[in-house]
file model_29.cif (mmCIF, C-alpha atoms)
data_my_file
loop_
_atom_site.label_atom_id
_atom_site.label_comp_id
_atom_site.auth_asym_id
_atom_site.auth_seq_id
_atom_site.Cartn_x
_atom_site.Cartn_y
_atom_site.Cartn_z
CA VAL A 1 16.99 -8.89 -14.16
CA SER A 2 15.05 -7.18 -11.36
CA ALA A 3 17.07 -3.99 -11.71
CA ALA A 4 16.66 -3.97 -15.50
CA LEU A 5 12.90 -4.44 -15.19
CA PHE A 6 12.66 -1.60 -12.68
CA ILE A 7 14.70 0.77 -14.86
CA LEU A 8 12.63 -0.06 -17.95
CA ALA A 9 9.35 0.33 -16.08
CA LEU A 10 10.39 3.60 -14.47
CA ALA A 11 11.63 5.03 -17.77
CA LEU A 12 8.32 4.26 -19.47
CA ARG A 13 6.32 5.79 -16.64
CA LEU A 14 8.43 8.93 -16.48
CA LEU A 15 8.22 9.29 -20.25
CA TRP A 16 4.44 8.99 -20.18
CA ALA A 17 4.09 11.46 -17.30
CA TRP A 18 6.30 13.97 -19.13
CA TRP A 19 4.59 13.51 -22.51
CA SER A 20 1.10 13.82 -21.02
CA GLY A 21 2.05 16.89 -18.98
CA GLN A 22 1.52 15.26 -15.58
CA LEU A 23 4.90 15.93 -13.98
CA GLY A 24 3.70 19.30 -12.71
CA GLY A 25 0.98 20.15 -10.23
CA LEU A 26 -2.58 18.92 -9.82
CA ALA A 27 -4.95 18.46 -12.75
CA ASN A 28 -8.18 18.10 -10.81
CA ASP A 29 -10.26 16.71 -13.67
CA TYR A 30 -11.10 13.22 -12.30
CA ARG A 31 -9.57 11.78 -15.48
CA TYR A 32 -5.94 12.24 -14.54
CA ASP A 33 -6.12 13.52 -10.96
CA ASP A 34 -8.64 13.67 -8.13
CA GLY A 35 -8.07 16.70 -5.92
CA ALA A 36 -10.30 15.23 -3.21
CA TYR A 37 -7.35 13.15 -1.99
CA VAL A 38 -5.28 16.31 -1.53
CA ASP A 39 -8.12 17.85 0.51
CA MET A 40 -8.34 14.70 2.60
CA ALA A 41 -4.60 14.78 3.29
CA LEU A 42 -4.70 18.43 4.33
CA SER A 43 -7.68 17.81 6.60
CA PHE A 44 -5.47 15.64 8.82
CA VAL A 45 -3.22 18.61 9.61
CA GLY A 46 -5.95 21.22 9.93
CA ARG A 47 -5.30 22.93 6.58
CA SER A 48 -8.71 22.03 5.18
CA ASP A 49 -12.21 22.41 6.57
CA SER A 50 -13.07 18.81 5.70
CA LEU A 51 -12.68 15.79 7.93
CA TRP A 52 -13.18 13.00 5.46
CA ILE A 53 -14.58 9.58 6.29
CA THR A 54 -15.89 8.62 2.85
CA HIS A 55 -12.51 7.25 1.72
CA PRO A 56 -9.85 5.18 3.50
CA PRO A 57 -6.85 7.17 4.77
CA GLY A 58 -3.97 5.27 3.14
CA TYR A 59 -3.54 7.39 0.05
CA PRO A 60 -4.07 10.76 1.77
CA PHE A 61 -1.45 9.74 4.34
CA PHE A 62 0.91 8.90 1.48
CA LEU A 63 0.43 12.38 0.02
CA LEU A 64 0.60 14.24 3.33
CA PRO A 65 4.42 14.42 3.84
CA PHE A 66 4.90 15.67 0.29
CA LEU A 67 2.28 18.39 0.70
CA GLN A 68 4.40 19.92 3.46
CA LEU A 69 7.13 20.69 0.91
CA GLY A 70 5.39 23.53 -0.90
CA ASP A 71 5.09 23.74 -4.67
CA TRP A 72 7.48 20.85 -5.27
CA GLY A 73 5.59 18.49 -3.00
CA LEU A 74 2.94 17.17 -5.36
CA PRO A 75 5.31 16.66 -8.34
CA LEU A 76 7.66 14.80 -6.02
CA ALA A 77 4.79 12.64 -4.75
CA ARG A 78 3.96 11.80 -8.34
CA VAL A 79 7.55 10.78 -9.11
CA VAL A 80 7.65 8.57 -6.02
CA GLN A 81 4.37 7.03 -7.09
CA LEU A 82 5.83 6.37 -10.56
CA ALA A 83 8.69 4.55 -8.84
CA LEU A 84 6.24 2.44 -6.82
CA GLY A 85 4.46 1.58 -10.06
CA ALA A 86 7.78 0.59 -11.62
CA ALA A 87 8.60 -1.55 -8.58
CA LEU A 88 5.61 -3.74 -9.42
CA ALA A 89 7.65 -5.35 -12.20
CA PRO A 90 10.43 -6.77 -9.97
CA LEU A 91 7.86 -7.57 -7.26
CA THR A 92 5.94 -9.66 -9.80
CA LEU A 93 9.16 -11.45 -10.71
CA ALA A 94 9.88 -12.11 -7.00
CA ALA A 95 6.40 -13.55 -6.43
CA CYS A 96 6.80 -15.79 -9.48
CA ARG A 97 10.11 -17.13 -8.25
CA ARG A 98 8.48 -18.06 -4.95
CA MET A 99 5.87 -19.97 -6.97
CA ASP A 100 8.63 -22.07 -8.57
CA PHE A 101 8.61 -20.28 -11.92
CA ASP A 102 11.89 -20.60 -13.77
CA ARG A 103 13.88 -17.43 -14.50
CA ARG A 104 12.50 -17.00 -17.99
CA GLU A 105 8.86 -17.42 -16.96
CA ALA A 106 9.27 -15.00 -14.06
CA ALA A 107 11.12 -12.46 -16.23
CA VAL A 108 8.35 -12.52 -18.86
CA ALA A 109 5.74 -11.90 -16.16
CA GLY A 110 7.75 -8.96 -14.81
CA LEU A 111 8.25 -7.59 -18.33
CA LEU A 112 4.50 -7.69 -19.01
CA VAL A 113 3.91 -5.60 -15.90
CA ALA A 114 6.71 -3.19 -16.81
CA VAL A 115 5.23 -2.36 -20.23
CA HIS A 116 1.52 -2.77 -19.40
CA PRO A 117 -0.19 0.29 -20.98
CA MET A 118 -2.94 0.60 -18.38
CA MET A 119 -0.49 0.36 -15.48
CA VAL A 120 1.80 2.93 -17.10
CA PHE A 121 -1.16 5.27 -17.62
CA ILE A 122 -2.60 4.96 -14.13
CA SER A 123 0.75 5.24 -12.33
CA ALA A 124 0.93 8.97 -13.13
CA ARG A 125 -2.48 9.78 -11.66
CA ILE A 126 -3.03 11.33 -8.24
CA MET A 127 -5.37 8.47 -7.37
CA PRO A 128 -4.78 5.48 -5.07
CA GLU A 129 -4.69 2.56 -7.54
CA THR A 130 -0.91 2.44 -7.94
CA LEU A 131 -0.20 2.61 -4.22
CA PHE A 132 -2.89 0.01 -3.55
CA THR A 133 -1.50 -2.35 -6.20
CA PHE A 134 2.02 -1.93 -4.80
CA LYS A 135 0.80 -2.94 -1.34
CA ILE A 136 -1.10 -5.91 -2.80
CA ALA A 137 2.07 -7.04 -4.58
CA CYS A 138 4.02 -6.79 -1.31
CA PHE A 139 1.27 -8.80 0.38
CA ALA A 140 1.51 -11.45 -2.34
CA VAL A 141 5.29 -11.79 -2.02
CA ALA A 142 5.10 -12.05 1.78
CA TRP A 143 2.17 -14.47 1.84
CA THR A 144 3.66 -16.72 -0.85
CA ALA A 145 6.91 -16.90 1.14
CA ALA A 146 4.94 -17.71 4.30
CA TRP A 147 3.01 -20.42 2.48
CA ARG A 148 6.12 -21.98 0.98
CA ARG A 149 8.16 -22.01 4.19
CA GLY A 150 5.42 -22.32 6.81
CA SER A 151 6.87 -19.09 8.22
CA ALA A 152 4.92 -17.29 10.93
CA PRO A 153 7.03 -14.09 10.63
CA MET A 154 6.30 -13.88 6.91
CA ALA A 155 2.61 -14.50 7.63
CA ALA A 156 2.74 -11.61 10.10
CA LEU A 157 4.36 -9.43 7.44
CA ALA A 158 1.60 -10.40 5.03
CA GLY A 159 -0.93 -9.37 7.68
CA LEU A 160 0.75 -5.96 7.93
CA PHE A 161 0.58 -5.45 4.17
CA GLY A 162 -3.02 -6.68 4.16
CA ALA A 163 -3.92 -4.03 6.73
CA VAL A 164 -2.18 -1.13 5.01
CA ALA A 165 -3.75 -2.21 1.72
CA SER A 166 -7.18 -2.30 3.41
CA LEU A 167 -6.58 1.23 4.68
CA THR A 168 -5.84 2.32 1.11
CA ARG A 169 -8.85 0.69 -0.50
CA GLY A 170 -11.41 -0.96 1.73
CA ILE A 171 -12.17 -3.70 -0.80
CA MET A 172 -9.09 -5.55 0.46
CA LEU A 173 -10.45 -6.18 3.96
CA PRO A 174 -13.09 -8.83 3.09
CA PHE A 175 -10.47 -10.73 1.09
CA GLY A 176 -9.12 -11.90 4.44
CA LEU A 177 -12.00 -14.38 4.44
CA GLY A 178 -11.15 -15.41 0.88
CA LEU A 179 -7.55 -15.98 1.94
CA ALA A 180 -8.68 -18.27 4.76
CA VAL A 181 -11.07 -20.23 2.52
CA THR A 182 -8.39 -20.70 -0.14
CA ALA A 183 -5.88 -21.85 2.48
CA ALA A 184 -8.38 -24.41 3.79
CA LEU A 185 -9.08 -25.70 0.27
CA TYR A 186 -5.35 -26.10 -0.49
CA ARG A 187 -4.28 -27.17 3.00
CA ARG A 188 -2.44 -30.21 1.62
CA GLN A 189 0.19 -27.82 0.29
CA GLN A 190 0.96 -26.51 3.78
CA GLN A 191 0.41 -28.40 7.04
CA ARG A 192 0.65 -25.21 9.10
CA TRP A 193 -2.05 -23.46 7.09
CA ALA A 194 -4.32 -22.75 10.08
CA ALA A 195 -1.50 -21.24 12.14
CA LEU A 196 -0.39 -19.08 9.23
CA ILE A 197 -3.92 -17.79 8.70
CA ALA A 198 -4.26 -17.09 12.42
CA VAL A 199 -1.01 -15.12 12.59
CA CYS A 200 -1.81 -13.18 9.43
CA GLY A 201 -5.33 -12.43 10.63
CA VAL A 202 -4.29 -11.28 14.10
CA VAL A 203 -1.65 -8.89 12.77
CA TRP A 204 -4.04 -7.66 10.08
CA GLY A 205 -6.73 -6.94 12.66
CA LEU A 206 -4.40 -5.29 15.16
CA CYS A 207 -3.02 -2.96 12.51
CA MET A 208 -6.56 -1.80 11.73
CA VAL A 209 -7.24 -0.89 15.37
CA PRO A 210 -5.66 2.62 15.51
CA TRP A 211 -7.73 3.96 12.61
CA THR A 212 -10.88 2.30 13.97
CA VAL A 213 -10.26 3.87 17.39
CA ARG A 214 -9.65 7.26 15.77
CA ASN A 215 -13.00 7.01 13.99
CA TRP A 216 -14.75 6.01 17.19
CA VAL A 217 -13.27 9.01 19.02
CA HIS A 218 -14.34 11.41 16.25
CA PHE A 219 -17.68 9.93 15.23
CA ARG A 220 -18.71 7.43 17.93
CA ARG A 221 -19.16 4.85 15.18
CA LEU A 222 -17.37 1.58 14.41
CA ILE A 223 -15.67 2.32 11.06
CA PRO A 224 -12.69 0.10 10.18
CA PHE A 225 -11.76 2.05 7.04
CA SER A 226 -14.49 4.30 5.56
CA ALA A 227 -18.24 4.86 5.27
CA GLN A 228 -19.29 4.97 1.63
CA GLY A 229 -20.48 1.45 0.83
CA GLY A 230 -24.09 2.50 0.34
CA TRP A 231 -23.14 5.33 -2.00
CA ASN A 232 -20.87 3.07 -4.08
CA PHE A 233 -23.52 0.34 -4.20
CA TYR A 234 -26.16 2.70 -5.59
CA GLU A 235 -23.71 4.52 -7.87
CA GLY A 236 -22.80 1.26 -9.55
CA MET A 237 -26.36 -0.05 -9.87
CA THR A 238 -26.73 0.94 -13.52
CA ARG A 239 -25.95 -0.26 -17.02
CA ASP A 240 -24.44 3.14 -17.85
CA TYR A 241 -20.73 3.72 -18.22
CA GLY A 242 -18.28 6.52 -18.97
CA PRO A 243 -19.75 10.07 -18.82
CA GLN A 244 -23.16 8.69 -17.85
CA LEU A 245 -21.69 7.36 -14.62
CA ALA A 246 -20.25 10.75 -13.77
CA ALA A 247 -23.67 12.28 -14.38
CA ARG A 248 -25.25 9.68 -12.08
CA SER A 249 -22.85 10.59 -9.29
CA ALA A 250 -23.63 14.29 -9.72
CA ALA A 251 -27.37 13.53 -9.64
CA MET A 252 -26.90 11.58 -6.41
CA GLY A 253 -25.22 14.61 -4.88
CA ARG A 254 -28.13 16.82 -5.86
CA GLU A 255 -30.62 14.27 -4.55
CA SER A 256 -28.93 14.06 -1.16
CA GLN A 257 -28.90 17.86 -0.92
CA ALA A 258 -32.57 18.06 -1.85
CA ALA A 259 -33.34 15.53 0.87
CA GLY A 260 -31.53 17.71 3.38
CA LEU A 261 -28.77 15.18 3.98
CA LYS A 262 -25.42 16.69 4.94
CA ASP A 263 -23.86 14.08 7.20
CA ALA A 264 -21.77 11.46 5.36
CA PHE A 265 -23.32 8.67 7.42
CA GLU A 266 -26.87 9.80 6.66
CA ILE A 267 -26.08 9.99 2.95
CA ASP A 268 -24.52 6.55 2.95
CA ALA A 269 -27.43 5.01 4.85
CA TYR A 270 -29.93 6.73 2.55
CA PHE A 271 -28.45 5.28 -0.63
CA SER A 272 -27.91 1.90 1.00
CA ARG A 273 -31.63 1.67 1.83
CA LYS A 274 -32.58 2.96 -1.61
CA THR A 275 -30.43 0.32 -3.32
CA LYS A 276 -31.82 -2.52 -1.22
CA ASP A 277 -35.39 -1.39 -1.87
CA TRP A 278 -34.70 -1.18 -5.61
CA ILE A 279 -33.16 -4.67 -5.67
CA ALA A 280 -36.16 -6.11 -3.82
CA ALA A 281 -38.49 -4.54 -6.39
CA HIS A 282 -36.37 -5.36 -9.48
CA PRO A 283 -34.45 -8.61 -8.82
CA LEU A 284 -34.22 -9.56 -12.51
CA GLU A 285 -32.83 -6.17 -13.54
CA PHE A 286 -30.36 -6.40 -10.64
CA ALA A 287 -29.16 -9.76 -11.96
CA LYS A 288 -28.79 -8.34 -15.49
CA ILE A 289 -26.81 -5.32 -14.30
CA THR A 290 -24.56 -7.53 -12.20
CA LEU A 291 -23.85 -9.76 -15.18
CA ILE A 292 -23.16 -6.78 -17.46
CA LYS A 293 -20.69 -5.31 -14.97
CA ALA A 294 -19.02 -8.70 -14.52
CA VAL A 295 -18.40 -8.81 -18.27
CA ARG A 296 -17.27 -5.18 -18.41
CA PHE A 297 -14.70 -5.84 -15.70
CA TRP A 298 -12.82 -7.92 -18.29
CA ARG A 299 -13.09 -5.49 -21.20
CA LEU A 300 -9.90 -5.07 -23.19
CA ALA A 301 -9.64 -1.29 -23.35
CA PRO A 302 -11.06 1.90 -21.81
CA TYR A 303 -14.01 3.69 -23.32
CA ALA A 304 -13.99 7.11 -24.97
CA PRO A 305 -13.00 9.92 -24.42
CA HIS A 306 -9.59 8.25 -24.23
CA PRO A 307 -7.79 8.61 -27.61
CA LEU A 308 -8.46 5.87 -30.15
CA SER A 309 -4.74 5.13 -30.52
CA GLY A 310 -4.37 4.51 -26.79
CA ARG A 311 -7.50 2.40 -26.68
CA LEU A 312 -6.27 0.26 -29.59
CA ALA A 313 -2.81 -0.20 -28.06
CA THR A 314 -4.30 -1.14 -24.70
CA GLY A 315 -6.84 -3.46 -26.31
CA ILE A 316 -4.25 -5.34 -28.38
CA PHE A 317 -1.89 -5.69 -25.41
CA THR A 318 -4.66 -6.87 -23.09
CA ALA A 319 -5.94 -9.38 -25.65
CA VAL A 320 -2.47 -10.90 -25.95
CA LEU A 321 -2.08 -10.86 -22.17
CA PHE A 322 -5.38 -12.70 -21.67
CA VAL A 323 -4.55 -15.32 -24.31
CA LEU A 324 -1.19 -15.97 -22.66
CA ALA A 325 -2.82 -16.10 -19.22
CA LEU A 326 -5.31 -18.72 -20.42
CA ALA A 327 -2.38 -20.69 -21.83
CA GLY A 328 -0.71 -20.41 -18.45
CA LEU A 329 -3.79 -21.79 -16.72
CA ARG A 330 -3.73 -24.74 -19.11
CA ALA A 331 -0.02 -25.21 -18.39
CA GLY A 332 -0.72 -25.73 -14.69
CA PHE A 333 -0.52 -22.28 -13.12
CA LEU A 334 -2.86 -23.28 -10.28
CA SER A 335 -0.60 -26.18 -9.32
CA ARG A 336 2.24 -23.81 -8.44
CA PRO A 337 2.62 -23.20 -4.69
CA GLY A 338 0.78 -20.04 -3.73
CA ALA A 339 -0.80 -19.54 -7.16
CA PRO A 340 -4.35 -20.41 -6.00
CA PHE A 341 -4.27 -17.33 -3.76
CA ALA A 342 -3.44 -15.15 -6.77
CA ALA A 343 -6.34 -16.65 -8.72
CA ALA A 344 -8.65 -16.24 -5.73
CA PHE A 345 -7.80 -12.54 -5.46
CA VAL A 346 -8.48 -11.94 -9.17
CA LEU A 347 -11.84 -13.69 -8.95
CA TYR A 348 -12.66 -11.83 -5.74
CA LEU A 349 -12.04 -8.45 -7.38
CA ALA A 350 -14.18 -9.41 -10.36
CA LEU A 351 -17.01 -10.53 -8.09
CA MET A 352 -16.95 -7.45 -5.85
CA HIS A 353 -16.88 -5.00 -8.74
CA SER A 354 -19.81 -6.74 -10.41
CA PHE A 355 -21.90 -5.60 -7.43
CA PHE A 356 -20.37 -2.25 -6.54
CA PHE A 357 -19.15 0.68 -8.60
CA SER A 358 -16.69 -0.49 -11.24
CA ALA A 359 -14.16 1.09 -13.60
CA LEU A 360 -11.32 -0.35 -15.63
CA ARG A 361 -8.76 1.12 -13.22
CA TYR A 362 -10.19 -1.12 -10.50
CA ARG A 363 -8.81 -4.14 -12.38
CA MET A 364 -5.26 -2.82 -12.01
CA PRO A 365 -4.53 -4.73 -8.74
CA ALA A 366 -5.35 -7.96 -10.60
CA GLU A 367 -3.03 -7.26 -13.54
CA PRO A 368 0.24 -8.49 -11.94
CA PHE A 369 -1.44 -11.81 -11.13
CA ILE A 370 -2.80 -12.11 -14.65
CA ALA A 371 0.73 -11.37 -15.87
CA MET A 372 2.04 -14.22 -13.71
CA ALA A 373 -0.19 -16.71 -15.50
CA ALA A 374 0.73 -15.09 -18.80
CA GLY A 375 4.44 -15.47 -18.06
CA LEU A 376 3.90 -19.18 -17.63
CA GLY A 377 1.79 -19.32 -20.79
CA ALA A 378 4.43 -17.50 -22.84
CA ALA A 379 6.94 -20.21 -22.01
#
call {"tool": "encode", "arguments": {"input": "model_29.cif", "output": "structure tokens"}}
result
Amino acid sequence: VSAALFILALALRLLWAWWSGQLGGLANDYRYDDGAYVDMALSFVGRSDSLWITHPPGYPFFLLPFLQLGDWGLPLARVVQLALGAALAPLTLAACRRMDFDRREAAVAGLLVAVHPMMVFISARIMPETLFTFKIACFAVAWTAAWRRGSAPMAALAGLFGAVASLTRGIMLPFGLGLAVTAALYRRQQQRWAALIAVCGVVWGLCMVPWTVRNWVHFRRLIPFSAQGGWNFYEGMTRDYGPQLAARSAAMGRESQAAGLKDAFEIDAYFSRKTKDWIAAHPLEFAKITLIKAVRFWRLAPYAPHPLSGRLATGIFTAVLFVLALAGLRAGFLSRPGAPFAAAFVLYLALMHSFFFSALRYRMPAEPFIAMAAGLGAA
């Protein structure tokens, strides 16, 4: 079943990449591809003038070996990324089996991931969501195995995946606290919960050390993954969406230039202070914006300018997925061993993106876990 799911998922992703014209080079339009990640990768080998600190290094490091291969490098990176996206289907099945799903329930969950329109669409993009979601899925499989068996080696492996995921998108790092809180709440499921959390946390932290040391050497600042929290906080502090958000980001760039800010740390600190001052002056509007973004995080389909046909297909699929997931919750999803951690991660993502910059693609790491509940609900 795992092999069949992988083949189906890969075929769909390759077909989409071919049909949409994404099997070639870079389309630096911020809709399909973001060329900034290529620049970041090249900066690590001295082939770019930039030394980026505004984004974590995980995705640029993924691209870097492929960029050494000339014209074929980027298309090959995209194909490998499509394969990682396809691997999410059997990884979802594996996590479900460790949560005591039967074969049918686990297979349905994997199938939902394999054919998920949003995951198929995003997997072809030169952006980090697919790689990040793959690492999160690996983390989930390892941590669920550790939780089931009380296994310190599997907890250490989960810590490794937690670290590499954090170095791909920094939003993963604070979830370490969420993991510990969830383990404490469900400690009756695993007597060795504290030891498992300790092992996972130590490995997670140690694996973050080299990048933190590198940043200290270069910048004399303590930066575990990146320095753009203030920018993202201000960028997302609006009711706007779609093209308006892109315009807001461009306006922020012009504002920082007008203020004479060139250093990434100065820019980040500037917008961090500006956001905090605005929240202090407009607490009610801040609460309204946060609530609006929390609701938008769960929207069924992307906004225009995506084609209406794609938006309808995605909306119908997501509506069915959510209904099945709710049925799975009613059928006792949270009682399955390890499932509370999946639910905690989904809620954590929703909470974080209600405060910071949010887009539908940022829900992608939660989709395999939603599919798990849906697989149970479909049965």
call {"tool": "residues_around", "arguments": {"input": "model_29.cif", "residues": "segment 34-40 of chain A", "least_positions_apart": "3", "cutoff": "12 Å", "atoms": "all atoms listed in the file", "output": "MDAnalysis selection string"}}
result
chainID A and resid 25:31 43:68 73:74 77 124:129 168
call {"tool": "write_last_selection", "arguments": {"input": "model_29.cif", "atoms": "C-alpha atoms", "output": "compact mmCIF listing (two decimals), in the coordinates of the input"}}
result
# COMPACT_ATOMS: atom_id res chain seq x y z
CA GLY A 25 0.98 20.15 -10.23
CA LEU A 26 -2.58 18.92 -9.82
CA ALA A 27 -4.95 18.46 -12.75
CA ASN A 28 -8.18 18.10 -10.81
CA ASP A 29 -10.26 16.71 -13.67
CA TYR A 30 -11.10 13.22 -12.30
CA ARG A 31 -9.57 11.78 -15.48
CA SER A 43 -7.68 17.81 6.60
CA PHE A 44 -5.47 15.64 8.82
CA VAL A 45 -3.22 18.61 9.61
CA GLY A 46 -5.95 21.22 9.93
CA ARG A 47 -5.30 22.93 6.58
CA SER A 48 -8.71 22.03 5.18
CA ASP A 49 -12.21 22.41 6.57
CA SER A 50 -13.07 18.81 5.70
CA LEU A 51 -12.68 15.79 7.93
CA TRP A 52 -13.18 13.00 5.46
CA ILE A 53 -14.58 9.58 6.29
CA THR A 54 -15.89 8.62 2.85
CA HIS A 55 -12.51 7.25 1.72
CA PRO A 56 -9.85 5.18 3.50
CA PRO A 57 -6.85 7.17 4.77
CA GLY A 58 -3.97 5.27 3.14
CA TYR A 59 -3.54 7.39 0.05
CA PRO A 60 -4.07 10.76 1.77
CA PHE A 61 -1.45 9.74 4.34
CA PHE A 62 0.91 8.90 1.48
CA LEU A 63 0.43 12.38 0.02
CA LEU A 64 0.60 14.24 3.33
CA PRO A 65 4.42 14.42 3.84
CA PHE A 66 4.90 15.67 0.29
CA LEU A 67 2.28 18.39 0.70
CA GLN A 68 4.40 19.92 3.46
CA GLY A 73 5.59 18.49 -3.00
CA LEU A 74 2.94 17.17 -5.36
CA ALA A 77 4.79 12.64 -4.75
CA ALA A 124 0.93 8.97 -13.13
CA ARG A 125 -2.48 9.78 -11.66
CA ILE A 126 -3.03 11.33 -8.24
CA MET A 127 -5.37 8.47 -7.37
CA PRO A 128 -4.78 5.48 -5.07
CA GLU A 129 -4.69 2.56 -7.54
CA THR A 168 -5.84 2.32 1.11
call {"tool": "closest_residue", "arguments": {"input": "model_29.cif", "among": "A:Leu131, A:Val115, A:Ala350, A:Ile289", "to": "Ala165 of chain A", "atoms": "all atoms listed in the file"}}
result
A:Leu131
call {"tool": "closest_residue", "arguments": {"input": "model_29.cif", "among": "A:Ala95, A:Cys207, A:Ala145, A:Ala359", "to": "Glu235 of chain A", "atoms": "all atoms listed in the file"}}
result
A:Ala359
call {"tool": "resolve_selection", "arguments": {"input": "model_29.cif", "expression": "the PyMOL selection byres ((chain A and resi 5-16) around 7)", "output": "number ranges by chain"}}
result
A: 1-4, 17-20, 82-83, 86-87, 89-90, 110-111, 114-115, 120
call {"tool": "resolve_selection", "arguments": {"input": "model_29.cif", "expression": "the PyMOL selection byres ((chain A and resi 94) around 12)", "output": "PyMOL selection string"}}
result
chain A and resi 1-3+5+87-93+95-103+105-110+137-145+368+372
call {"tool": "atom_distance", "arguments": {"input": "model_29.cif", "atom1": "atom CA of Val202 of chain A", "atom2": "atom CA of Ala342 of chain A"}}
result
21.2 Å
call {"tool": "atom_distance", "arguments": {"input": "model_29.cif", "atom1": "atom CA of Phe357 of chain A", "atom2": "atom CA of Thr238 of chain A"}}
result
9.0 Å
call {"tool": "atom_distance", "arguments": {"input": "model_29.cif", "atom1": "atom CA of Ile292 of chain A", "atom2": "atom CA of Ala373 of chain A"}}
result
25.1 Å
